[in-house]
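See structure below.
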Amino acid sequence: MMNYLKEQYLAVIIVVLWLFFALHNQQKTAVLLEQTKKLEREILVLNEKDHESSRIIDSLSRVDTLIVNRIKIIKQKEYVQIRIIDSLPVSGLQGFFTDRYPEK
Amino acid sequence: MGFKVSSQIVTQKNDSIVTLSENVARKVATDLVRYDFAKNIIKEQEVRIKNYQNKELEFKNKLDIKDSIITYQKSIIDIHKDIIKSKKAFEIHGYAGVQSTQFTLREPTLYTNFMIEFTRFSVGAQYFVQPNNPPGYGVILEYNLF
């Protein structure tokens with residue numbers, strides 16, 4: 001057996017080299033795959049953060065709608081108040097100023 | 001027939017009385033009401049601006065997150081490219097050529113190579129013929145230096 005291997009030393013060298021490169025590549029691939037998994041985990045975390053950010057933006061948009069509605073209500077109240085002022089009798093107007101600027 | 005409405009403006013020096021017509025008094029009252037409600041609207045608008053600022057911050061945050069995701073995905077693509085490169089299947093090539101003896105045309109060697117080429121190295125066999133010499137064959141092992 002040993003004599004046969006000595007005779008076929010070139011083939012042995014080729015096989016050994018081939019095995020060496022194959023194992024080296026396998027190891028390198030495993031390291032690269034591990035890096036990929038790590039990056040994918042980080043992307044998942046970032047996606048979670050992105051969803052959270054979207055949720056916050058949605059809630060802020062809802063708050064904006066509420067504020068717009070509140071402003072509409074204020075304007076409606078203003079309109080009603082002005083109509084009341086327009087229909088106030090003189091005594092009512094006097095009362096308005098007296099209430100607003102009471103004499104000390 | 002005209003109504004007279006009086007509004008008093010009290011000063012510290014003397015008690016001056018300013019008389020306003022009903023029409024002017026009504027306009028003043030309307031302006032005051034508008035002023036009161038405008039203050040409330042400004043308060044709401046300030047809240048709205050703050051809300052917009054927060055929203056802008058969140059959008060910026062979202063943009064940063066998306067940028068990071070793109071960067072990570074690019075890295076993953078690069079890694080996959082490396083993996084594909086390292087796992088690239090071998091290629092089989094055949095070559096035929098002539099090799100001179102020094103820089104002369106005397107006794108050139110004609111050869112054909114059959115090569116299995118991997119990323120880093122190639123292995124194959126060569127068959128050669130040479131005038132005045134018997135043909136021969138051998139094994140070729142090449143390492144890719146650059």
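Quick note on naming: the chains in the structure tokens go A, B, ... in the order shown, residues restart at 1 in each chain, and ligands are numbered from 1 in order of appearance.
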When you get a sec, could you note down which chain A residues fall within 9 Å of chain B, using only C-alpha atoms, as a PDB file with N, CA and C atoms, in the first residue's frame?
ATOM      1  N   LEU A  10       2.110  11.864  -6.960  1.00  0.00           N
ATOM      2  CA  LEU A  10       1.496  13.048  -7.558  1.00  0.00           C
ATOM      3  C   LEU A  10      -0.013  13.052  -7.328  1.00  0.00           C
ATOM      4  N   ALA A  11      -0.614  11.873  -7.546  1.00  0.00           N
ATOM      5  CA  ALA A  11      -2.057  11.750  -7.318  1.00  0.00           C
ATOM      6  C   ALA A  11      -2.399  12.027  -5.856  1.00  0.00           C
ATOM      7  N   ILE A  14      -2.235  15.683  -5.215  1.00  0.00           N
ATOM      8  CA  ILE A  14      -3.429  16.351  -5.790  1.00  0.00           C
ATOM      9  C   ILE A  14      -4.641  16.147  -4.892  1.00  0.00           C
ATOM     10  N   TRP A  18      -6.606  18.995  -2.929  1.00  0.00           N
ATOM     11  CA  TRP A  18      -8.023  19.171  -3.222  1.00  0.00           C
ATOM     12  C   TRP A  18      -8.853  19.138  -1.944  1.00  0.00           C
ATOM     13  N   PHE A  21      -8.278  22.387   0.062  1.00  0.00           N
ATOM     14  CA  PHE A  21      -9.047  23.529  -0.455  1.00  0.00           C
ATOM     15  C   PHE A  21     -10.545  23.355  -0.218  1.00  0.00           C
ATOM     16  N   ASN A  25     -12.642  25.933   1.973  1.00  0.00           N
ATOM     17  CA  ASN A  25     -13.829  26.610   1.421  1.00  0.00           C
ATOM     18  C   ASN A  25     -15.061  26.385   2.282  1.00  0.00           C
ATOM     19  N   GLN A  26     -15.166  25.136   2.782  1.00  0.00           N
ATOM     20  CA  GLN A  26     -16.311  24.789   3.633  1.00  0.00           C
ATOM     21  C   GLN A  26     -16.331  25.660   4.895  1.00  0.00           C
ATOM     22  N   LYS A  28     -14.780  28.540   5.283  1.00  0.00           N
ATOM     23  CA  LYS A  28     -15.007  29.933   4.903  1.00  0.00           C
ATOM     24  C   LYS A  28     -16.499  30.187   4.678  1.00  0.00           C
ATOM     25  N   THR A  29     -17.147  29.236   4.015  1.00  0.00           N
ATOM     26  CA  THR A  29     -18.590  29.361   3.751  1.00  0.00           C
ATOM     27  C   THR A  29     -19.376  29.389   5.057  1.00  0.00           C
ATOM     28  N   LEU A  32     -19.046  32.749   6.582  1.00  0.00           N
ATOM     29  CA  LEU A  32     -19.843  33.720   5.819  1.00  0.00           C
ATOM     30  C   LEU A  32     -21.341  33.562   6.098  1.00  0.00           C
ATOM     31  N   LEU A  33     -21.784  32.304   6.211  1.00  0.00           N
ATOM     32  CA  LEU A  33     -23.205  32.058   6.506  1.00  0.00           C
ATOM     33  C   LEU A  33     -23.570  32.578   7.894  1.00  0.00           C
ATOM     34  N   GLN A  35     -22.133  35.084   9.360  1.00  0.00           N
ATOM     35  CA  GLN A  35     -22.210  36.550   9.212  1.00  0.00           C
ATOM     36  C   GLN A  35     -23.564  36.951   8.624  1.00  0.00           C
ATOM     37  N   THR A  36     -24.018  36.183   7.647  1.00  0.00           N
ATOM     38  CA  THR A  36     -25.320  36.463   7.014  1.00  0.00           C
ATOM     39  C   THR A  36     -26.445  36.368   8.044  1.00  0.00           C
ATOM     40  N   LYS A  37     -26.389  35.309   8.868  1.00  0.00           N
ATOM     41  CA  LYS A  37     -27.435  35.127   9.889  1.00  0.00           C
ATOM     42  C   LYS A  37     -27.452  36.303  10.856  1.00  0.00           C
ATOM     43  N   LEU A  39     -26.424  39.364  10.291  1.00  0.00           N
ATOM     44  CA  LEU A  39     -26.978  40.536   9.596  1.00  0.00           C
ATOM     45  C   LEU A  39     -28.494  40.436   9.466  1.00  0.00           C
ATOM     46  N   GLU A  40     -28.985  39.221   9.198  1.00  0.00           N
ATOM     47  CA  GLU A  40     -30.442  39.034   9.073  1.00  0.00           C
ATOM     48  C   GLU A  40     -31.146  39.316  10.401  1.00  0.00           C
ATOM     49  N   GLU A  42     -30.041  41.375  12.659  1.00  0.00           N
ATOM     50  CA  GLU A  42     -30.020  42.832  12.838  1.00  0.00           C
ATOM     51  C   GLU A  42     -31.095  43.506  11.976  1.00  0.00           C
ATOM     52  N   ILE A  43     -31.315  42.955  10.779  1.00  0.00           N
ATOM     53  CA  ILE A  43     -32.362  43.503   9.901  1.00  0.00           C
ATOM     54  C   ILE A  43     -33.738  43.302  10.548  1.00  0.00           C
ATOM     55  N   LEU A  44     -33.930  42.153  11.201  1.00  0.00           N
ATOM     56  CA  LEU A  44     -35.209  41.898  11.884  1.00  0.00           C
ATOM     57  C   LEU A  44     -35.452  42.933  12.975  1.00  0.00           C
ATOM     58  N   LEU A  46     -34.154  45.910  13.112  1.00  0.00           N
ATOM     59  CA  LEU A  46     -34.420  47.201  12.456  1.00  0.00           C
ATOM     60  C   LEU A  46     -35.844  47.259  11.902  1.00  0.00           C
ATOM     61  N   ASN A  47     -36.325  46.136  11.387  1.00  0.00           N
ATOM     62  CA  ASN A  47     -37.709  46.093  10.889  1.00  0.00           C
ATOM     63  C   ASN A  47     -38.707  46.340  12.017  1.00  0.00           C
ATOM     64  N   LYS A  49     -38.065  48.096  14.670  1.00  0.00           N
ATOM     65  CA  LYS A  49     -37.972  49.530  14.978  1.00  0.00           C
ATOM     66  C   LYS A  49     -38.747  50.333  13.943  1.00  0.00           C
ATOM     67  N   ASP A  50     -38.676  49.896  12.704  1.00  0.00           N
ATOM     68  CA  ASP A  50     -39.376  50.586  11.623  1.00  0.00           C
ATOM     69  C   ASP A  50     -40.897  50.519  11.830  1.00  0.00           C
ATOM     70  N   HIS A  51     -41.380  49.325  12.236  1.00  0.00           N
ATOM     71  CA  HIS A  51     -42.813  49.171  12.510  1.00  0.00           C
ATOM     72  C   HIS A  51     -43.241  50.086  13.655  1.00  0.00           C
ATOM     73  N   SER A  53     -41.795  52.824  14.546  1.00  0.00           N
ATOM     74  CA  SER A  53     -41.772  54.196  14.031  1.00  0.00           C
ATOM     75  C   SER A  53     -43.044  54.504  13.232  1.00  0.00           C
ATOM     76  N   SER A  54     -43.467  53.543  12.413  1.00  0.00           N
ATOM     77  CA  SER A  54     -44.698  53.718  11.614  1.00  0.00           C
ATOM     78  C   SER A  54     -45.908  53.880  12.535  1.00  0.00           C
ATOM     79  N   ILE A  56     -45.880  55.054  15.594  1.00  0.00           N
ATOM     80  CA  ILE A  56     -45.830  56.390  16.217  1.00  0.00           C
ATOM     81  C   ILE A  56     -46.321  57.451  15.222  1.00  0.00           C
ATOM     82  N   ILE A  57     -45.878  57.320  13.965  1.00  0.00           N
ATOM     83  CA  ILE A  57     -46.293  58.295  12.936  1.00  0.00           C
ATOM     84  C   ILE A  57     -47.815  58.249  12.755  1.00  0.00           C
ATOM     85  N   LEU A  60     -49.418  59.971  15.636  1.00  0.00           N
ATOM     86  CA  LEU A  60     -49.244  61.429  15.520  1.00  0.00           C
ATOM     87  C   LEU A  60     -50.210  61.995  14.473  1.00  0.00           C
ATOM     88  N   SER A  61     -50.445  61.236  13.407  1.00  0.00           N
ATOM     89  CA  SER A  61     -51.394  61.684  12.377  1.00  0.00           C
ATOM     90  C   SER A  61     -52.809  61.759  12.956  1.00  0.00           C
ATOM     91  N   VAL A  63     -53.502  62.279  16.088  1.00  0.00           N
ATOM     92  CA  VAL A  63     -53.523  63.451  16.982  1.00  0.00           C
ATOM     93  C   VAL A  63     -53.764  64.714  16.158  1.00  0.00           C
ATOM     94  N   ASP A  64     -53.127  64.790  14.993  1.00  0.00           N
ATOM     95  CA  ASP A  64     -53.283  65.959  14.116  1.00  0.00           C
ATOM     96  C   ASP A  64     -54.747  66.116  13.686  1.00  0.00           C
ATOM     97  N   ILE A  67     -56.652  67.531  16.506  1.00  0.00           N
ATOM     98  CA  ILE A  67     -56.406  68.977  16.678  1.00  0.00           C
ATOM     99  C   ILE A  67     -57.209  69.770  15.642  1.00  0.00           C
ATOM    100  N   VAL A  68     -57.197  69.272  14.408  1.00  0.00           N
ATOM    101  CA  VAL A  68     -57.950  69.959  13.337  1.00  0.00           C
ATOM    102  C   VAL A  68     -59.432  70.020  13.707  1.00  0.00           C
ATOM    103  N   ARG A  70     -60.658  69.951  16.736  1.00  0.00           N
ATOM    104  CA  ARG A  70     -60.802  70.891  17.868  1.00  0.00           C
ATOM    105  C   ARG A  70     -60.831  72.328  17.346  1.00  0.00           C
ATOM    106  N   ILE A  71     -59.943  72.615  16.350  1.00  0.00           N
ATOM    107  CA  ILE A  71     -59.898  73.966  15.766  1.00  0.00           C
ATOM    108  C   ILE A  71     -61.237  74.286  15.091  1.00  0.00           C
ATOM    109  N   ILE A  74     -63.674  75.150  17.727  1.00  0.00           N
ATOM    110  CA  ILE A  74     -63.407  76.504  18.249  1.00  0.00           C
ATOM    111  C   ILE A  74     -63.980  77.555  17.283  1.00  0.00           C
ATOM    112  N   LYS A  75     -63.772  77.321  15.986  1.00  0.00           N
ATOM    113  CA  LYS A  75     -64.262  78.290  14.985  1.00  0.00           C
ATOM    114  C   LYS A  75     -65.788  78.347  14.971  1.00  0.00           C
ATOM    115  N   LYS A  77     -67.688  77.704  17.554  1.00  0.00           N
ATOM    116  CA  LYS A  77     -68.065  78.412  18.786  1.00  0.00           C
ATOM    117  C   LYS A  77     -67.886  79.919  18.595  1.00  0.00           C
ATOM    118  N   GLU A  78     -66.792  80.270  17.909  1.00  0.00           N
ATOM    119  CA  GLU A  78     -66.510  81.685  17.644  1.00  0.00           C
ATOM    120  C   GLU A  78     -67.645  82.299  16.815  1.00  0.00           C
ATOM    121  N   TYR A  79     -68.056  81.538  15.796  1.00  0.00           N
ATOM    122  CA  TYR A  79     -69.130  82.006  14.918  1.00  0.00           C
ATOM    123  C   TYR A  79     -70.412  82.221  15.720  1.00  0.00           C
ATOM    124  N   GLN A  81     -70.662  82.715  18.929  1.00  0.00           N
ATOM    125  CA  GLN A  81     -70.458  83.827  19.866  1.00  0.00           C
ATOM    126  C   GLN A  81     -70.644  85.180  19.161  1.00  0.00           C
ATOM    127  N   ILE A  82     -70.093  85.267  17.935  1.00  0.00           N
ATOM    128  CA  ILE A  82     -70.213  86.528  17.175  1.00  0.00           C
ATOM    129  C   ILE A  82     -71.681  86.799  16.825  1.00  0.00           C
ATOM    130  N   ARG A  83     -72.382  85.701  16.478  1.00  0.00           N
ATOM    131  CA  ARG A  83     -73.828  85.866  16.183  1.00  0.00           C
ATOM    132  C   ARG A  83     -74.567  86.369  17.419  1.00  0.00           C
ATOM    133  N   ILE A  85     -73.231  88.172  19.839  1.00  0.00           N
ATOM    134  CA  ILE A  85     -72.846  89.586  20.006  1.00  0.00           C
ATOM    135  C   ILE A  85     -73.693  90.461  19.077  1.00  0.00           C
ATOM    136  N   ASP A  86     -73.874  89.979  17.831  1.00  0.00           N
ATOM    137  CA  ASP A  86     -74.638  90.749  16.835  1.00  0.00           C
ATOM    138  C   ASP A  86     -76.098  90.957  17.278  1.00  0.00           C
ATOM    139  N   LEU A  88     -77.126  90.926  20.475  1.00  0.00           N
ATOM    140  CA  LEU A  88     -77.254  91.418  21.860  1.00  0.00           C
ATOM    141  C   LEU A  88     -77.938  92.784  21.881  1.00  0.00           C
ATOM    142  N   VAL A  90     -78.514  96.522  23.645  1.00  0.00           N
ATOM    143  CA  VAL A  90     -77.517  97.477  24.155  1.00  0.00           C
ATOM    144  C   VAL A  90     -77.128  97.137  25.594  1.00  0.00           C
ATOM    145  N   SER A  91     -78.133  96.752  26.366  1.00  0.00           N
ATOM    146  CA  SER A  91     -77.827  96.415  27.770  1.00  0.00           C
ATOM    147  C   SER A  91     -76.890  95.212  27.834  1.00  0.00           C
ATOM    148  N   LEU A  93     -74.712  94.445  25.559  1.00  0.00           N
ATOM    149  CA  LEU A  93     -73.371  94.918  25.177  1.00  0.00           C
ATOM    150  C   LEU A  93     -72.682  95.574  26.368  1.00  0.00           C
ATOM    151  N   GLN A  94     -73.467  96.380  27.082  1.00  0.00           N
ATOM    152  CA  GLN A  94     -72.901  97.026  28.270  1.00  0.00           C
ATOM    153  C   GLN A  94     -72.443  95.965  29.268  1.00  0.00           C
ATOM    154  N   PHE A  96     -71.565  92.981  28.567  1.00  0.00           N
ATOM    155  CA  PHE A  96     -70.375  92.312  28.022  1.00  0.00           C
ATOM    156  C   PHE A  96     -69.100  93.052  28.440  1.00  0.00           C
ATOM    157  N   PHE A  97     -69.130  94.394  28.254  1.00  0.00           N
ATOM    158  CA  PHE A  97     -67.929  95.179  28.598  1.00  0.00           C
ATOM    159  C   PHE A  97     -67.697  95.216  30.101  1.00  0.00           C
ATOM    160  N   THR A  98     -68.811  95.277  30.848  1.00  0.00           N
ATOM    161  CA  THR A  98     -68.673  95.321  32.313  1.00  0.00           C
ATOM    162  C   THR A  98     -68.081  94.015  32.834  1.00  0.00           C
ATOM    163  N   GLU A 103     -64.900  96.985  37.083  1.00  0.00           N
ATOM    164  CA  GLU A 103     -64.248  98.088  37.805  1.00  0.00           C
ATOM    165  C   GLU A 103     -63.858  97.592  39.170  1.00  0.00           C
TER     166      GLU A 103
END
Q.
Report, in Å to a single decimal, how far apart CA of Asn144 (chain B) and CA of Lys85 (chain B) are.
A.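 Calculated distance between CA of Lys85 (chain B) and CA of Asn144 (chain B) is 14.8 Å.
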Q. Could you state the separation of CA of Val129 (chain B) and CA of Tyr9 (chain A) in Å, given to one decimal place?
A. 24.9 Å
Q) What are the DSSP strand (DSSP E or B) residues of chain B, as number ranges by chain? A) B: 4-8, 17-21, 91-101, 104-117, 121-130, 133-143
**Q.** Atomic distance CA of Leu17 (chain A) - CA of Glu142 (chain B), expressed in Å with one decimal
**A.** 11.2 Å
